[in-house]
Each structure stands twice: as C-alpha cells, then as structure tokens.
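Asks: Contents are mmCIF, C-alpha atoms; file name protein-v5.cif:
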data_work
loop_
_atom_site.label_atom_id
_atom_site.label_comp_id
_atom_site.auth_asym_id
_atom_site.auth_seq_id
_atom_site.Cartn_x
_atom_site.Cartn_y
_atom_site.Cartn_z
CA MET A 1 -43.47 3.33 -7.38
CA LEU A 2 -44.77 6.70 -8.51
CA GLU A 3 -48.22 6.23 -7.00
CA MET A 4 -51.44 7.83 -8.18
CA GLY A 5 -54.40 7.31 -5.89
CA ALA A 6 -56.29 8.68 -2.91
CA ASP A 7 -53.18 9.89 -1.04
CA GLN A 8 -52.11 11.92 -4.07
CA VAL A 9 -55.59 13.43 -4.38
CA ASP A 10 -55.40 14.42 -0.70
CA GLU A 11 -52.00 16.03 -1.21
CA ALA A 12 -53.18 18.02 -4.23
CA VAL A 13 -56.33 19.15 -2.39
CA ALA A 14 -54.23 20.36 0.54
CA GLU A 15 -51.95 22.31 -1.83
CA CYS A 16 -54.89 23.95 -3.56
CA ALA A 17 -56.76 24.78 -0.34
CA ALA A 18 -53.65 26.27 1.26
CA LEU A 19 -53.10 28.58 -1.71
CA LEU A 20 -56.77 29.58 -1.85
CA ARG A 21 -56.87 30.44 1.85
CA SER A 22 -53.68 32.47 1.54
CA VAL A 23 -55.36 34.70 -1.05
CA ALA A 24 -58.92 34.63 0.35
CA ASP A 25 -58.76 38.36 1.12
CA ARG A 26 -58.24 39.31 -2.52
CA ASP A 27 -60.67 39.96 -5.36
CA TRP A 28 -61.55 36.66 -7.06
CA GLU A 29 -63.39 38.31 -9.94
CA VAL A 30 -60.14 38.69 -11.91
CA PRO A 31 -58.92 36.29 -14.63
CA ALA A 32 -57.16 33.16 -13.42
CA GLY A 33 -53.81 33.54 -15.18
CA SER A 34 -54.15 32.92 -18.91
CA LEU A 35 -57.67 31.48 -18.57
CA GLU A 36 -60.80 33.33 -19.64
CA TRP A 37 -62.46 32.27 -16.37
CA THR A 38 -62.28 34.36 -13.24
CA VAL A 39 -60.60 32.93 -10.18
CA ARG A 40 -64.00 32.25 -8.61
CA CYS A 41 -65.25 30.46 -11.74
CA THR A 42 -62.05 28.41 -11.80
CA VAL A 43 -62.53 27.35 -8.18
CA GLU A 44 -66.09 26.33 -9.01
CA HIS A 45 -64.87 24.39 -12.05
CA VAL A 46 -62.31 22.47 -9.99
CA ALA A 47 -64.85 21.54 -7.33
CA ASP A 48 -67.38 20.51 -9.98
CA ASP A 49 -64.83 18.27 -11.73
CA LEU A 50 -63.79 16.61 -8.48
CA ILE A 51 -67.31 15.59 -7.57
CA ALA A 52 -68.08 14.61 -11.16
CA TYR A 53 -65.07 12.28 -11.26
CA ALA A 54 -66.24 10.67 -8.04
CA GLY A 55 -69.69 10.24 -9.55
CA GLN A 56 -68.33 8.61 -12.69
CA LEU A 57 -66.86 5.83 -10.56
CA THR A 58 -69.66 5.40 -8.05
CA GLY A 59 -72.32 5.63 -10.76
CA ARG A 60 -70.45 3.20 -13.03
CA ALA A 61 -71.16 5.59 -15.90
CA THR A 62 -70.53 3.98 -19.29
CA SER A 63 -71.56 6.48 -21.97
CA ARG A 64 -71.69 10.02 -20.56
CA TYR A 65 -71.10 12.16 -17.51
CA VAL A 66 -73.44 11.58 -14.59
CA GLY A 67 -76.26 14.13 -14.62
CA PHE A 68 -75.33 16.38 -11.74
CA GLY A 69 -72.90 19.11 -10.79
CA ILE A 70 -72.33 21.83 -8.23
CA THR A 71 -72.19 25.61 -8.22
CA LEU A 72 -70.98 27.98 -5.55
CA GLU A 73 -73.73 29.79 -3.70
CA ASP A 74 -74.15 33.49 -4.42
CA GLY A 75 -72.43 35.47 -1.72
CA LEU A 76 -70.32 32.54 -0.54
CA SER A 77 -67.10 33.87 0.95
CA ASN A 78 -63.76 33.06 -0.62
CA GLU A 79 -62.75 31.20 2.53
CA ASP A 80 -65.86 29.01 2.31
CA ALA A 81 -65.32 28.47 -1.41
CA ALA A 82 -61.92 27.00 -0.56
CA GLY A 83 -63.77 24.68 1.80
CA VAL A 84 -65.90 23.43 -1.11
CA VAL A 85 -62.74 22.29 -2.89
CA THR A 86 -61.65 20.49 0.26
CA ALA A 87 -65.06 18.80 0.55
CA THR A 88 -65.32 17.66 -3.08
CA GLY A 89 -61.69 16.57 -3.10
CA GLY A 90 -62.37 14.48 -0.02
CA LEU A 91 -65.27 12.79 -1.79
CA LEU A 92 -63.09 11.89 -4.78
CA SER A 93 -60.35 10.62 -2.47
CA ALA A 94 -62.79 8.38 -0.59
CA VAL A 95 -64.23 6.99 -3.81
CA VAL A 96 -60.79 6.26 -5.27
CA ARG A 97 -59.77 4.53 -2.04
CA THR A 98 -62.81 2.20 -2.05
CA THR A 99 -63.36 1.50 -5.76
CA PRO A 100 -62.23 -1.97 -6.94
CA PRO A 101 -59.36 -1.94 -9.47
CA GLY A 102 -61.38 -3.23 -12.44
CA VAL A 103 -64.15 -0.62 -12.23
CA ARG A 104 -64.20 2.09 -14.88
CA GLY A 105 -66.29 5.17 -15.54
CA TRP A 106 -66.84 7.11 -18.74
CA HIS A 107 -64.45 9.86 -19.76
CA PRO A 108 -63.74 11.07 -23.31
CA PHE A 109 -59.91 11.06 -23.06
CA ALA A 110 -58.65 8.97 -24.51
CA TYR A 111 -60.79 5.84 -24.98
CA GLY A 112 -64.08 6.55 -23.28
CA ALA A 113 -63.16 5.23 -19.85
CA GLY A 114 -60.93 5.68 -16.82
CA ASP A 115 -60.29 3.54 -13.76
CA ARG A 116 -59.67 4.69 -10.19
CA THR A 117 -56.05 5.55 -11.01
CA GLY A 118 -57.11 7.52 -14.06
CA PHE A 119 -59.73 9.55 -12.21
CA ALA A 120 -57.32 10.17 -9.34
CA GLY A 121 -54.81 11.48 -11.88
CA MET A 122 -57.39 13.66 -13.59
CA GLY A 123 -58.41 15.11 -10.24
CA VAL A 124 -54.79 15.83 -9.34
CA ALA A 125 -54.25 17.45 -12.74
CA GLU A 126 -57.27 19.75 -12.30
CA LEU A 127 -56.09 20.73 -8.83
CA LEU A 128 -52.44 21.38 -9.64
CA LEU A 129 -52.90 23.12 -12.97
CA HIS A 130 -55.74 25.38 -11.91
CA THR A 131 -54.08 26.22 -8.61
CA TYR A 132 -51.20 27.48 -10.74
CA ASP A 133 -53.63 29.49 -12.89
CA ILE A 134 -55.23 31.00 -9.79
CA ALA A 135 -51.83 31.81 -8.27
CA CYS A 136 -50.81 33.64 -11.43
CA GLY A 137 -54.08 35.58 -11.50
CA LEU A 138 -53.75 36.72 -7.91
CA GLY A 139 -50.09 37.66 -7.88
CA ALA A 140 -48.76 34.50 -6.22
CA GLU A 141 -46.65 33.50 -9.22
CA ARG A 142 -44.02 31.80 -7.07
CA TRP A 143 -46.37 28.87 -6.37
CA ARG A 144 -45.39 25.69 -8.20
CA PRO A 145 -46.84 22.16 -8.20
CA PRO A 146 -44.95 19.80 -5.85
CA GLY A 147 -42.15 18.04 -7.71
CA ARG A 148 -42.85 14.45 -6.67
CA LEU A 149 -46.57 14.82 -7.34
CA SER A 150 -45.84 16.35 -10.76
CA GLN A 151 -43.48 13.49 -11.56
CA SER A 152 -46.12 10.92 -10.68
CA LEU A 153 -48.82 12.72 -12.67
CA LEU A 154 -46.60 12.88 -15.75
CA ALA A 155 -45.75 9.18 -15.56
CA HIS A 156 -49.43 8.20 -15.24
CA LEU A 157 -51.40 10.58 -17.46
CA PHE A 158 -48.76 12.05 -19.79
CA PRO A 159 -46.88 8.98 -21.08
CA HIS A 160 -46.10 10.76 -24.35
CA VAL A 161 -44.12 13.50 -22.57
CA GLN A 162 -40.42 12.91 -22.00
CA PRO A 163 -39.61 13.54 -18.33
CA GLY A 164 -37.22 16.34 -17.47
CA PRO A 165 -35.01 17.27 -14.51
CA ASP A 166 -37.72 19.61 -13.16
CA PRO A 167 -41.05 17.70 -13.11
CA ALA A 168 -43.15 20.73 -12.15
CA ARG A 169 -41.73 22.81 -14.99
CA THR A 170 -42.19 19.89 -17.41
CA LEU A 171 -45.83 19.51 -16.35
CA LEU A 172 -46.53 23.20 -16.84
CA TRP A 173 -44.84 23.17 -20.25
CA ALA A 174 -46.74 20.04 -21.33
CA THR A 175 -50.05 21.76 -20.54
CA GLY A 176 -49.27 25.03 -22.31
CA ARG A 177 -48.32 26.95 -19.19
CA GLY A 178 -44.66 27.68 -19.72
CA GLU A 179 -41.54 27.22 -21.75
CA LEU A 180 -38.97 24.44 -21.64
CA PRO A 181 -35.54 24.88 -23.23
CA GLY A 182 -35.13 22.75 -26.34
CA ARG A 183 -38.82 21.91 -26.65
CA PRO A 184 -41.45 23.60 -28.83
CA GLU A 185 -44.32 25.63 -27.44
CA VAL A 186 -47.38 23.55 -26.53
CA THR A 187 -50.63 25.02 -27.85
CA SER A 188 -52.88 21.97 -27.68
CA TRP A 189 -52.79 19.08 -25.21
CA HIS A 190 -54.74 16.47 -23.30
CA TRP A 191 -53.93 13.70 -20.88
CA HIS A 192 -54.02 10.00 -21.69
CA ASN A 193 -56.10 7.39 -19.91
CA ALA A 194 -54.81 3.85 -20.40
CA ILE A 195 -56.50 1.87 -23.15
CA VAL A 196 -58.20 -1.42 -22.24
CA LEU A 197 -58.65 -4.11 -24.90
CA PRO A 198 -61.21 -6.89 -24.41
CA VAL A 199 -59.90 -10.39 -25.06
CA GLU A 200 -62.58 -12.47 -26.75
CA ASP A 201 -62.10 -16.21 -26.80
CA GLU A 202 -65.10 -18.49 -27.09
CA GLU A 203 -63.06 -21.49 -25.97
CA ALA A 204 -61.65 -19.86 -22.83
CA ALA A 205 -63.44 -20.30 -19.53
CA ASP A 206 -62.05 -17.00 -18.21
CA VAL A 207 -62.94 -13.44 -19.20
CA LEU A 208 -59.74 -11.50 -19.87
CA GLU A 209 -58.63 -7.93 -20.54
CA LEU A 210 -55.47 -6.30 -21.79
CA ARG A 211 -54.71 -3.19 -19.72
CA GLU A 212 -52.13 -0.72 -20.93
CA LEU A 213 -49.11 -0.35 -18.66
CA SER A 214 -48.33 3.27 -17.73
CA PRO A 215 -44.69 4.40 -17.56
CA ALA A 216 -45.09 4.69 -13.77
CA ALA A 217 -46.24 1.07 -13.49
CA ALA A 218 -43.61 -0.07 -15.99
CA MET A 219 -40.82 1.48 -13.95
CA ASP A 220 -42.10 -0.23 -10.83
CA LEU A 221 -42.34 -3.59 -12.62
CA SER A 222 -38.82 -3.29 -13.98
CA VAL A 223 -37.26 -2.85 -10.52
CA GLY A 224 -39.03 -5.70 -8.76
CA GLY A 225 -42.48 -4.26 -8.02
CA THR A 226 -45.92 -5.50 -9.03
CA ALA A 227 -47.03 -2.52 -11.15
CA GLY A 228 -50.10 -2.30 -8.93
CA HIS A 229 -51.39 -5.76 -9.93
CA THR A 230 -51.87 -9.01 -8.05
CA TRP A 231 -50.03 -11.63 -10.06
CA LEU A 232 -50.88 -15.28 -10.50
CA GLY A 233 -48.07 -17.04 -8.70
CA ASP A 234 -47.42 -13.94 -6.55
CA ASP A 235 -44.43 -12.50 -8.45
CA PRO A 236 -44.30 -11.25 -12.06
CA ASP A 237 -42.39 -13.42 -14.52
CA GLU A 238 -39.05 -12.27 -15.87
CA GLY A 239 -40.51 -11.65 -19.33
CA SER A 240 -43.01 -9.19 -17.86
CA ARG A 241 -40.25 -7.42 -15.94
CA ALA A 242 -38.24 -7.14 -19.16
CA ALA A 243 -41.28 -5.71 -20.94
CA GLY A 244 -41.70 -3.14 -18.17
CA ALA A 245 -38.04 -2.18 -18.48
CA MET A 246 -38.49 -1.66 -22.22
CA VAL A 247 -41.35 0.78 -21.63
CA ALA A 248 -39.41 2.56 -18.87
CA ARG A 249 -36.38 3.07 -21.14
CA ALA A 250 -38.52 4.38 -24.00
CA TYR A 251 -40.29 6.80 -21.67
CA ALA A 252 -36.99 8.15 -20.36
CA ARG A 253 -35.78 8.67 -23.96
CA GLY A 254 -39.02 10.34 -25.00
CA THR A 255 -39.77 7.65 -27.61
CA HIS A 256 -42.60 5.88 -25.80
CA ARG A 257 -45.95 6.19 -27.54
CA PRO A 258 -49.23 5.44 -25.76
CA GLU A 259 -51.01 2.34 -27.09
CA TRP A 260 -47.79 0.96 -28.61
CA GLY A 261 -46.26 -0.32 -25.38
CA THR A 262 -46.97 -3.19 -23.00
CA PHE A 263 -50.32 -4.50 -21.79
CA VAL A 264 -50.96 -6.60 -18.69
CA LEU A 265 -53.25 -9.58 -19.27
CA VAL A 266 -55.78 -9.63 -16.41
CA ARG A 267 -58.26 -12.35 -15.47
CA LEU A 268 -61.41 -10.53 -14.40
CA ARG A 269 -62.95 -13.03 -12.01
CA ASP A 270 -60.15 -12.57 -9.49
CA GLU A 271 -58.20 -9.59 -10.91
CA ARG A 272 -55.08 -11.70 -11.34
CA ALA A 273 -52.36 -10.61 -13.75
CA LEU A 274 -51.39 -13.55 -15.97
CA GLY A 275 -48.54 -12.00 -17.95
CA THR A 276 -47.83 -9.30 -20.51
CA VAL A 277 -48.47 -8.87 -24.22
CA GLY A 278 -47.51 -5.84 -26.25
CA PHE A 279 -45.49 -3.97 -28.82
CA HIS A 280 -41.77 -3.24 -28.75
CA GLY A 281 -42.58 0.29 -29.91
CA PRO A 282 -44.68 2.18 -32.44
CA PRO A 283 -44.59 1.23 -36.16
CA ASP A 284 -41.33 2.11 -37.90
CA GLU A 285 -40.96 4.03 -41.15
CA THR A 286 -42.09 0.95 -43.11
CA GLY A 287 -45.25 0.56 -41.03
CA SER A 288 -44.00 -2.48 -39.13
CA ALA A 289 -44.29 -3.05 -35.39
CA GLU A 290 -42.84 -5.94 -33.40
CA VAL A 291 -44.91 -7.81 -30.82
CA GLY A 292 -43.92 -9.87 -27.82
CA TYR A 293 -45.70 -11.86 -25.14
CA GLY A 294 -45.16 -14.01 -22.09
CA LEU A 295 -47.32 -15.62 -19.41
CA GLN A 296 -46.86 -16.75 -15.85
CA GLU A 297 -46.08 -20.47 -15.81
CA LYS A 298 -49.37 -21.30 -14.06
CA ALA A 299 -51.34 -19.46 -16.77
CA ARG A 300 -49.93 -21.43 -19.70
CA GLY A 301 -51.73 -24.13 -21.59
CA HIS A 302 -55.20 -22.53 -21.46
CA GLY A 303 -55.19 -20.60 -24.73
CA HIS A 304 -54.69 -17.27 -22.97
CA ALA A 305 -51.59 -16.25 -24.92
CA THR A 306 -53.26 -16.97 -28.26
CA ALA A 307 -56.41 -15.04 -27.33
CA ALA A 308 -54.44 -12.08 -26.00
CA LEU A 309 -52.10 -11.92 -28.99
CA ARG A 310 -55.06 -12.15 -31.35
CA ALA A 311 -56.79 -9.23 -29.58
CA LEU A 312 -53.61 -7.16 -29.70
CA ALA A 313 -53.13 -7.92 -33.41
CA VAL A 314 -56.69 -6.97 -34.29
CA TRP A 315 -56.27 -3.64 -32.54
CA GLY A 316 -52.81 -2.93 -33.98
CA LEU A 317 -53.73 -3.80 -37.55
CA GLY A 318 -56.80 -1.61 -37.31
CA GLN A 319 -54.76 1.55 -36.75
CA PRO A 320 -54.13 4.05 -39.58
CA GLY A 321 -51.58 2.83 -42.09
CA SER A 322 -52.45 -0.86 -41.69
CA PRO A 323 -49.08 -1.78 -40.18
CA THR A 324 -47.48 -5.17 -40.46
CA LEU A 325 -46.93 -6.94 -37.17
CA ARG A 326 -43.76 -8.95 -36.71
CA ALA A 327 -42.59 -11.45 -34.12
CA ARG A 328 -39.35 -13.27 -33.47
CA VAL A 329 -39.16 -16.64 -31.79
CA ASP A 330 -36.49 -19.18 -30.86
CA PRO A 331 -36.45 -22.07 -33.37
CA ASP A 332 -36.67 -24.53 -30.46
CA ASN A 333 -39.69 -22.84 -28.87
CA ARG A 334 -42.42 -24.88 -30.56
CA ALA A 335 -45.10 -23.80 -28.10
CA SER A 336 -44.55 -20.11 -28.90
CA GLN A 337 -44.54 -20.82 -32.62
CA ALA A 338 -47.90 -22.57 -32.22
CA VAL A 339 -49.28 -19.50 -30.39
CA LEU A 340 -48.22 -17.28 -33.29
CA ARG A 341 -49.81 -19.53 -35.89
CA ARG A 342 -53.09 -19.75 -33.97
CA ALA A 343 -53.09 -15.96 -33.65
CA GLY A 344 -52.90 -15.56 -37.42
CA PHE A 345 -49.15 -15.09 -37.90
CA THR A 346 -47.32 -16.90 -40.70
CA PRO A 347 -43.60 -17.45 -41.37
CA ALA A 348 -41.96 -14.40 -42.91
CA ASP A 349 -39.86 -14.35 -46.05
CA PRO A 350 -37.02 -14.94 -45.40
CA PRO A 351 -38.06 -16.97 -42.34
CA VAL A 352 -34.75 -16.75 -40.44
CA VAL A 353 -32.98 -13.75 -39.01
CA GLU A 354 -29.63 -13.83 -37.27
CA ASP A 355 -28.79 -11.39 -34.48
CA LEU A 356 -25.17 -11.22 -33.39
CA ASP A 357 -26.23 -10.66 -29.75
CA GLU A 358 -29.22 -12.98 -29.51
CA GLY A 359 -28.43 -15.73 -31.99
CA MET A 360 -30.77 -17.04 -34.66
CA ASP A 361 -34.56 -16.50 -34.58
CA LEU A 362 -37.51 -17.46 -36.70
CA ARG A 363 -39.58 -14.57 -38.02
CA TYR A 364 -43.37 -14.48 -38.20
CA GLU A 365 -45.65 -11.74 -39.42
CA ARG A 366 -49.30 -10.84 -39.76
CA ARG A 367 -50.65 -8.26 -42.18
CA ALA A 368 -53.92 -6.35 -42.22
#
How does this structure look as structure tokens?
Replies:
Amino acid sequence: MLEMGADQVDEAVAECAALLRSVADRDWEVPAGSLEWTVRCTVEHVADDLIAYAGQLTGRATSRYVGFGITLEDGLSNEDAAGVVTATGGLLSAVVRTTPPGVRGWHPFAYGAGDRTGFAGMGVAELLLHTYDIACGLGAERWRPPGRLSQSLLAHLFPHVQPGPDPARTLLWATGRGELPGRPEVTSWHWHNAIVLPVEDEEAADVLELRELSPAAAMDLSVGGTAGHTWLGDDPDEGSRAAGAMVARAYARGTHRPEWGTFVLVRLRDERALGTVGFHGPPDETGSAEVGYGLQEKARGHGHATAALRALAVWGLGQPGSPTLRARVDPDNRASQAVLRRAGFTPADPPVVEDLDEGMDLRYERRA
C-alpha cells in the first residue's frame, strides 16, 4: 500500500533537513523560488505548520486552529533553523504514530477536518513542496521530491490528479511548480482531505460513519489489502474489493472525482469496517449518479445498509444540480430491494434494464 503516516513524515523531514544543512552557508534572506517569502520565512512557515498540525490532533480542535505557533529566534543560525524543522517534524511524527484512527482535528480543506493520515499528508506536502521552493531559491534546482513519497502523497491528498510516469514531476505540476506535457498550467490548487459523513439512525444501536476511500487505500483494497481498516470478520468482502478496484481504475484514468467514489462504513465503538457504500462515479451529463453498497455478512440484518445508503443519498442529492441517484439490483435479491425502498428509492420507469454482460436488473431511483 502507498502508506501515509509517521514514517513518511520522518522521511520528508530528513529530506528537508538534509537540503537545508547543505545550503546553511548561504544567504537565506533571498526569495524561496517563486514564493514571495524569503528562504528563512519559508523555513519558519514549515516548522510552524508542522507543530500546528500536531496540535490540531492532540488538542482535538473542532472549529479553528489551536492558538499557538512558533517563530525562529532573532539571530538563530541557519544550521539551528534546520534543527527546528527536525524538532517540529518529530513532534508531528510522534503524534501521528500515537493518535487513534477515528480522531480528527480541524482543517479548512476540504471539509473542516483531517485525521492522522490527512495531517501526515499535509505535513509531507509542506515539507516536500517548500523544500523544492527553497532549493530553487538557493541555486539547488536539481533537488526533487522522492518519487515513492510523491506517489503516495498524490494518491492520498490529490485524488483528483491523474498519476503520471514521474510522480515527483506530477506533484510539482499539480501544485503550480512546473509543466507537464499534455496538461494545462495549474494556477490554483489545494489538497483534498477525505470527507466523513455521519450515519444517523435512531433505531440502530451502533454509531456509524462513512469515510471516503482514498485512491491509495482503494488500490490496496483491490489487491487483497485492508485499506488501513480493521474489518468485521477479518477480511474485506468481495463487494468492497470490487468497489476499491473501481476507484483505483478511475484514478488511473484520471476520471476519479473526490466525494463521488467509495466510502467505508465504520462502527465507531470498535473502529470496525462493516462494508462499503458509494457512487460508481460523478453525475453524468443528465445529472444522474449510480450508487452501490455491500456489507460484511456478520454486519447484515441490523439496518446498517439502509442507514448508510440513506446518509449517502442525502449528501449526494444535496449537491449542486440536484442529481438523480440510480441503483441496479438483481430481481431475486429481495433483501437488497428492501434496503433501497427503506432508503427512499422507488422503482424506475421502465423498471427493468437488460445488460448483455450482467443479465437483467431491476432499476431504482431517488430524486431530490
């Protein structure tokens, strides 16, 4: 799996610190590449972000940044300033390593929160991108972000960016720092933290969440991994693996759109993954999007699928354009048809569709 966690933060910190120490004898009061900040201000910014991200998780911040930051002391040597990045990066790494998977802290991109994976990714992004800026400002233009680390960062925080043969070059292009043949210039960008949808069900004894599956996790799920979750029944069901494969294929083609992919249904009391619910892709030209769902066998019969599908439908139908949600189900699968009806779906007109590859299905839909 393309991991994003404490080890990746450590690797990015080491890359940044090594570059900074190699240019510690130069003047840091020059612009950092294309930035308006000086190199010294950029180093201070990176260190401040690293400790702030750690604080968001340890402080369990829910509505704003924690109320502290750091500045470099006047007269601090360049060598010691590099040590501040190492120190703050170590704090973020330790926090990421010890924070439980369900904990989130506030961050504006994209939905007001990030978990330990998200903050690890944001820290890695700050380190890699600003190390590149600093290298350009100080005449070390040959420095590039490590390929494997760039690949992992793209698959976690840039799900809307089609991967390319050179991950480092793709990352720099996607953040407005270079050109990529066949792709337009990037002038505005931001990363994407996975959306989390609450699942409200007054009849259910369990508190549930839908957590968006990143392309990195989807690829892992599709090839036999766990996508970073602990699954009820130990192994993911085949439907969830198929859903992961769908996201992985769309990401490789460049057609995956954040929010319109697959979500893992998680039971909060024990952080168990119960199955997947999601979209087959973004709305088409008619404003229609297809949904699918599937639960682990041990999770069935408790109303979880209905509650999860209802939460997904409420979110999807609330997006601009008021799309129509569609579902297809085997005529013999009465249980799945009952889930659709309880989630507010009704038979479509015409109710039957025939697919030469998959046979005959019943169609259901739900409109805004």
Asks: Let me make sure I understand: among A:Val207, A:Ala47, A:Ala125, A:Ala245, which one has the smallest atom-to-atom distance to Gly224 of chain A if we use all atoms listed in the file?
Replies: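 Nearest candidate to Gly224 of chain A out of A:Val207, A:Ala47, A:Ala125, A:Ala245: A:Ala245.
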Asks: Hey, can you check how far atom CA of Ser77 of chain A sits from atom CA of Leu129 of chain A?
Replies: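 Straight-line distance from atom CA of Ser77 of chain A to atom CA of Leu129 of chain A works out to 22.6 Å.
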Asks: If I take atom CA of Arg326 of chain A and atom CA of Arg366 of chain A, how far is one from the other in Å, to one decimal?
Replies: 6.6 Å
Asks: Got a sec to resolve the PyMOL selection byres ((chain A and resi 209) around 6) on this structure and send the residues as an MDAnalysis selection string?
Replies: chainID A and resid 197:199 208 210 265:266
Asks: Can you spell out as a ChimeraX atom specification the set of residues that the PyMOL selection byres ((chain A and resi 93) around 12) selects in the structure I just provided?
Replies: /A:4-14,50-51,53-55,57,85-92,94-99,116-117,119-124
Asks: As a check of understanding, name the residues that the PyMOL selection byres ((chain A and resi 257) around 12) selects in the supplied structure, as a PyMOL selection string.
Replies: chain A and resi 158-162+192+194+212-215+247-256+258-262+279-283
Asks: Mind giving me the straight-line distance from atom CA of Asn193 of chain A to atom CA of Pro101 of chain A in Å, one decimal?
Replies: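 For atom CA of Asn193 of chain A relative to atom CA of Pro101 of chain A, the distance reads 14.4 Å.
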Asks: Set the distance at 6 Å and use all atoms listed in the file: which residues neighbour segment 147-155 of chain A once local chain neighbours fewer than 6 positions away are removed? I'd like the list as a ChimeraX atom specification.
Replies: /A:2,167-168,215-216
Asks: Residues of segment 4-112 of chain A that have any atom at most 12 Å from an atom of segment 267-274 of chain A: could you tabulate them with the shortest-distance atom pair and the distance in Å to one decimal, using all atoms listed in the file, ordered by chain and increasing number, as a Markdown table?
Replies:
| residue | atom | partner | partner_atom | distance |
| --- | --- | --- | --- | --- |
| A:Pro100 | CA | A:Glu271 | CA | 9.5 |
| A:Pro101 | CA | A:Glu271 | CA | 7.9 |
| A:Gly102 | CA | A:Glu271 | CA | 7.3 |
| A:Val103 | CA | A:Leu268 | CA | 10.5 |
Asks: Considering only C-alpha atoms, state which residue in the set A:Pro146, A:Gly105, A:Gly114, A:Gly225 is at the smallest distance from Val66 of chain A.
Replies: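 Of all the options, A:Gly105 lies closest to Val66 of chain A.
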Asks: Just the residues within 10 Å of segment 319-321 of chain A, please, counting only C-alpha atoms, with nothing from its chain fewer than 5 positions along; format it as a ChimeraX atom specification.
Replies: /A:283,286-288,314,368
Asks: Find the residues around Trp143 of chain A up to 12 Å (only C-alpha atoms counted), leave out those fewer than 5 positions away in its own chain, and share them as a ChimeraX atom specification.
Replies: /A:15-16,18-20,22-23,128-138,168-169,172
Asks: Rank A:Ala327, A:Val84, A:Ala348, A:Ile70 by their smallest atom-to-atom distance to Asp48 of chain A, using all atoms listed in the file, and report the top residue only.
Replies: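 Checking each candidate against Asp48 of chain A, we get A:Ile70 as the closest.
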Asks: Hey, which bits of segment 130-221 of chain A sit within 12 Å of segment 231-238 of chain A, and for each residue what's the closest pair of atoms and how far apart in Å (one decimal), counting only C-alpha atoms, rows by chain and increasing number, as JSON lines?
Replies:
{"residue": "A:Ala218", "atom": "CA", "partner": "A:Pro236", "partner_atom": "CA", "distance": 11.9}
{"residue": "A:Asp220", "atom": "CA", "partner": "A:Pro236", "partner_atom": "CA", "distance": 11.3}
{"residue": "A:Leu221", "atom": "CA", "partner": "A:Pro236", "partner_atom": "CA", "distance": 7.9}
